[in-house]
Amino acid sequence: MAADHSHATLPHDAEGNVSPPHHTHPDWGTYKWVALILTLITGLEVWIYYIPSFTRTNLFVPTLLILSAIKFTIVVMFYMHLKYDAKLFRALFVGPLTLAAFTIVGLLFLFGHLKINF
Amino acid sequence: MATAAIDAHDAHMGGEHPPTSTGLNNTKVAIWAFIGSECFFFASLISTYLIYRGRSPVGPFPHDVWKDPATGHVFKAILNIPVTSVSTFVLLMSSLAMVLAHSAVVRGDRRSSKIWLASTAILGATFLGFQAYEFTSFVHEGLTIHTNLFGSSFFILTGFHGAHVTAGVIWLVTLLFIDIKRGFTPDEAINVDVCALYWHFVDVVWIAIFTLVYLIK
């Protein structure tokens with residue numbers, strides 16, 4: 001997509017001219033596949049929810065968390081263009097997101113919802 | 001030399017913004033910084049919900065039937081997964097419409113940009129309609145923000161998310177009016193891009209909420 005300015009410094013050719021940046025944002029076909037995958041994963045999540053024998057196992061929660069994380073990552077990488085954009089944008093999002101995730105996990109340990117048995 | 005490179009870059013990119021020290025559009029840097037701060041905001045609400053989870057002494061409960069010992073009234077599990085699954089699908093499709101709107105503006109396709117911006121706004125409003133229906137039915141079934149810890153943390157979390165969706169719909173409608181009135185040139189695609197980033201963030205927050213609040217028992 002031509003509207004994004006992802007390069008602070010640009011490559012130069014042999015004569016010292018600035019070379020055009022290589023922006024390859026997804027097209028309609030990619031967006032369509034992303035939407036289909038997101039829909040299928042959501043369907044899978046809901047399907048799992050209605051399998052009593054699976055919801056009683058220890059795999060239920062991790063499976064849902066992994067599926068949710070996959071959906072989250074796909075939207076961020078393809079729809080928010082973080083896969084193709086400047087590293088600064090990635091840092092501005094992934095940094096706070098990581099800290100926020102650690103905060104949630106830390107609070108769950110603090111209030112006794114998560115435990116490590118030594 | 002660096003300035004010349006940025007100027008050339010800017011000329012190549014259609015002169016969308018004046019040169020900046022990072023070479024990146026300041027508006028886009030700002031929206032990513034804002035989204036970063038929003039991660040902390042929603043993390044605080046999600047952690048509050050998770051901490052209070054399962055600690056309500058009285059029902060109704062999200063996934064379990066509860067019988068009020070005082071009145072003998074039986075409350076069924078309050079969450080309606082089929083309805084919420086449909087609203088989740090609607091929000092995911094709104095994200096697809098949003099990327100297509102942005103893509104149309106970049107291409108200079110004014111007809112498509114209007115159609116997809118309108119579609120995104122309508123899908124966002126539909127999601128809000130589902131949320132209004134859900135909140136209303138919960139109140140009718142005996143769960144309010146005052147009822148128990150689950151009610152308080154649930155309404156605060158999903159209510160703030162709904163407020164973000166509302167702000168997004170207002171933003172989208174504003175962009176749609178501008179597009180209808182005078183249209184966006186490809187150079188102005190950043191205006192739609194910034195709104196799109198906000199909209200997708202609202203979508204990813206819902207992806208987390210749907211799993212943590214609705215699906216995990």
# chains A, B, ... in the order shown; residues from 1 in each chain; ligands from 1
>>> interface_residues(of="chain B", to="chain A", cutoff="6 Å", atoms="only C-alpha atoms", output="PyMOL selection string")
chain B and resi 13+22-24+33+36+39-40+43+47+197+204
>>> residues_around(residues="Gly54 of chain B", least_positions_apart="3", cutoff="10 Å", atoms="only C-alpha atoms", output="MDAnalysis selection string")
chainID B and resid 49:51 57 61:62 149:150 217
>>> write_last_selection(atoms="N, CA and C atoms", output="PDB file, in the first residue's frame")
ATOM      1  N   TYR B  49     -11.761  -8.958  35.554  1.00  0.00           N
ATOM      2  CA  TYR B  49     -12.783  -9.989  35.300  1.00  0.00           C
ATOM      3  C   TYR B  49     -12.276 -11.372  35.716  1.00  0.00           C
ATOM      4  N   LEU B  50     -11.035 -11.672  35.330  1.00  0.00           N
ATOM      5  CA  LEU B  50     -10.496 -13.003  35.625  1.00  0.00           C
ATOM      6  C   LEU B  50     -10.277 -13.211  37.122  1.00  0.00           C
ATOM      7  N   ILE B  51      -9.867 -12.159  37.818  1.00  0.00           N
ATOM      8  CA  ILE B  51      -9.648 -12.268  39.269  1.00  0.00           C
ATOM      9  C   ILE B  51     -10.975 -12.534  39.993  1.00  0.00           C
ATOM     10  N   PRO B  57     -20.632 -14.921  45.369  1.00  0.00           N
ATOM     11  CA  PRO B  57     -21.363 -15.803  46.279  1.00  0.00           C
ATOM     12  C   PRO B  57     -22.782 -16.098  45.810  1.00  0.00           C
ATOM     13  N   PHE B  61     -24.960 -17.083  37.278  1.00  0.00           N
ATOM     14  CA  PHE B  61     -23.586 -17.347  36.881  1.00  0.00           C
ATOM     15  C   PHE B  61     -23.493 -17.486  35.352  1.00  0.00           C
ATOM     16  N   PRO B  62     -22.278 -17.285  34.817  1.00  0.00           N
ATOM     17  CA  PRO B  62     -22.147 -17.308  33.348  1.00  0.00           C
ATOM     18  C   PRO B  62     -22.430 -18.666  32.704  1.00  0.00           C
ATOM     19  N   LEU B 149     -20.269 -10.094  41.632  1.00  0.00           N
ATOM     20  CA  LEU B 149     -18.953  -9.739  41.074  1.00  0.00           C
ATOM     21  C   LEU B 149     -18.897 -10.022  39.580  1.00  0.00           C
ATOM     22  N   PHE B 150     -19.541 -11.127  39.173  1.00  0.00           N
ATOM     23  CA  PHE B 150     -19.558 -11.441  37.736  1.00  0.00           C
ATOM     24  C   PHE B 150     -20.259 -10.329  36.956  1.00  0.00           C
ATOM     25  N   LYS B 217     -14.956 -22.039  30.427  1.00  0.00           N
ATOM     26  CA  LYS B 217     -15.887 -22.275  31.545  1.00  0.00           C
ATOM     27  C   LYS B 217     -15.154 -22.286  32.864  1.00  0.00           C
TER      28      LYS B 217
END
>>> closest_residue(among="B:Val202, B:Phe184, B:Ala125, B:Tyr133", to="Val83 of chain B", atoms="only C-alpha atoms")
B:Tyr133
>>> residues_around(residues="Ala121 of chain B", least_positions_apart="4", cutoff="8 Å", atoms="only C-alpha atoms", output="ChimeraX atom specification")
/B:94,117,125,169,172-173
>>> atom_distance(atom1="atom CA of Ile51 of chain A", atom2="atom CA of Pro60 of chain B")
23.0 Å
>>> select_by_dssp(residues="segment 15-110 of chain B", states="alpha helix (DSSP H)", output="PyMOL selection string")
chain B and resi 26-52+81-107+110
>>> atom_distance(atom1="atom CA of Ala101 of chain B", atom2="atom CA of His164 of chain B")
19.8 Å
>>> decode(residues="segment 42-113 of chain A", atoms="C-alpha atoms", output="CSV table (one decimal), in the first residue's frame")
chain,number,residue,atom,x,y,z
A,42,THR,CA,-14.2,-19.1,15.4
A,43,GLY,CA,-16.4,-22.0,14.3
A,44,LEU,CA,-13.9,-24.5,15.7
A,45,GLU,CA,-13.8,-22.6,19.1
A,46,VAL,CA,-17.6,-22.7,19.4
A,47,TRP,CA,-17.7,-26.4,18.3
A,48,ILE,CA,-15.2,-27.3,21.0
A,49,TYR,CA,-17.3,-25.5,23.6
A,50,TYR,CA,-20.2,-27.9,22.9
A,51,ILE,CA,-18.1,-31.1,23.3
A,52,PRO,CA,-18.7,-32.0,27.0
A,53,SER,CA,-16.0,-34.8,27.0
A,54,PHE,CA,-13.4,-32.3,25.7
A,55,THR,CA,-14.4,-29.4,28.0
A,56,ARG,CA,-13.7,-31.6,31.0
A,57,THR,CA,-10.2,-32.3,29.9
A,58,ASN,CA,-7.1,-30.2,30.7
A,59,LEU,CA,-6.7,-29.5,27.0
A,60,PHE,CA,-9.9,-27.4,26.8
A,61,VAL,CA,-8.6,-24.1,28.1
A,62,PRO,CA,-5.1,-24.2,26.4
A,63,THR,CA,-6.8,-25.1,23.1
A,64,LEU,CA,-9.1,-22.2,23.2
A,65,LEU,CA,-6.2,-19.8,24.2
A,66,ILE,CA,-4.1,-21.0,21.4
A,67,LEU,CA,-6.9,-20.7,18.8
A,68,SER,CA,-7.7,-17.2,20.1
A,69,ALA,CA,-4.0,-16.2,20.0
A,70,ILE,CA,-3.8,-17.4,16.3
A,71,LYS,CA,-6.8,-15.3,15.4
A,72,PHE,CA,-5.4,-12.3,17.3
A,73,THR,CA,-2.0,-12.7,15.5
A,74,ILE,CA,-3.6,-13.1,12.0
A,75,VAL,CA,-5.7,-9.9,12.4
A,76,VAL,CA,-2.7,-7.9,13.7
A,77,MET,CA,-0.3,-9.2,11.0
A,78,PHE,CA,-2.6,-9.0,7.9
A,79,TYR,CA,-5.5,-6.6,8.7
A,80,MET,CA,-3.4,-4.2,10.7
A,81,HIS,CA,-0.5,-4.7,8.3
A,82,LEU,CA,2.1,-5.1,11.0
A,83,LYS,CA,3.7,-7.9,9.0
A,84,TYR,CA,4.5,-5.3,6.3
A,85,ASP,CA,4.9,-2.1,8.2
A,86,ALA,CA,7.8,-0.3,10.0
A,87,LYS,CA,9.5,-1.9,12.9
A,88,LEU,CA,8.7,1.1,15.1
A,89,PHE,CA,4.9,0.3,14.8
A,90,ARG,CA,5.6,-3.3,15.8
A,91,ALA,CA,7.5,-2.1,18.8
A,92,LEU,CA,4.8,0.3,19.8
A,93,PHE,CA,2.3,-2.5,19.8
A,94,VAL,CA,4.1,-5.6,20.8
A,95,GLY,CA,6.0,-3.9,23.7
A,96,PRO,CA,2.8,-2.7,25.6
A,97,LEU,CA,1.0,-5.9,24.6
A,98,THR,CA,3.7,-8.1,26.2
A,99,LEU,CA,3.8,-6.0,29.3
A,100,ALA,CA,0.0,-6.1,29.5
A,101,ALA,CA,0.0,-9.9,29.2
A,102,PHE,CA,2.6,-10.2,31.9
A,103,THR,CA,0.5,-7.9,34.1
A,104,ILE,CA,-2.5,-10.2,33.7
A,105,VAL,CA,-0.5,-13.3,34.5
A,106,GLY,CA,1.2,-11.6,37.4
A,107,LEU,CA,-2.2,-10.5,38.9
A,108,LEU,CA,-3.6,-14.0,38.4
A,109,PHE,CA,-0.7,-15.4,40.4
A,110,LEU,CA,-1.1,-12.7,43.1
A,111,PHE,CA,-4.8,-13.5,43.6
A,112,GLY,CA,-4.2,-17.2,43.6
A,113,HIS,CA,-5.8,-18.2,40.3
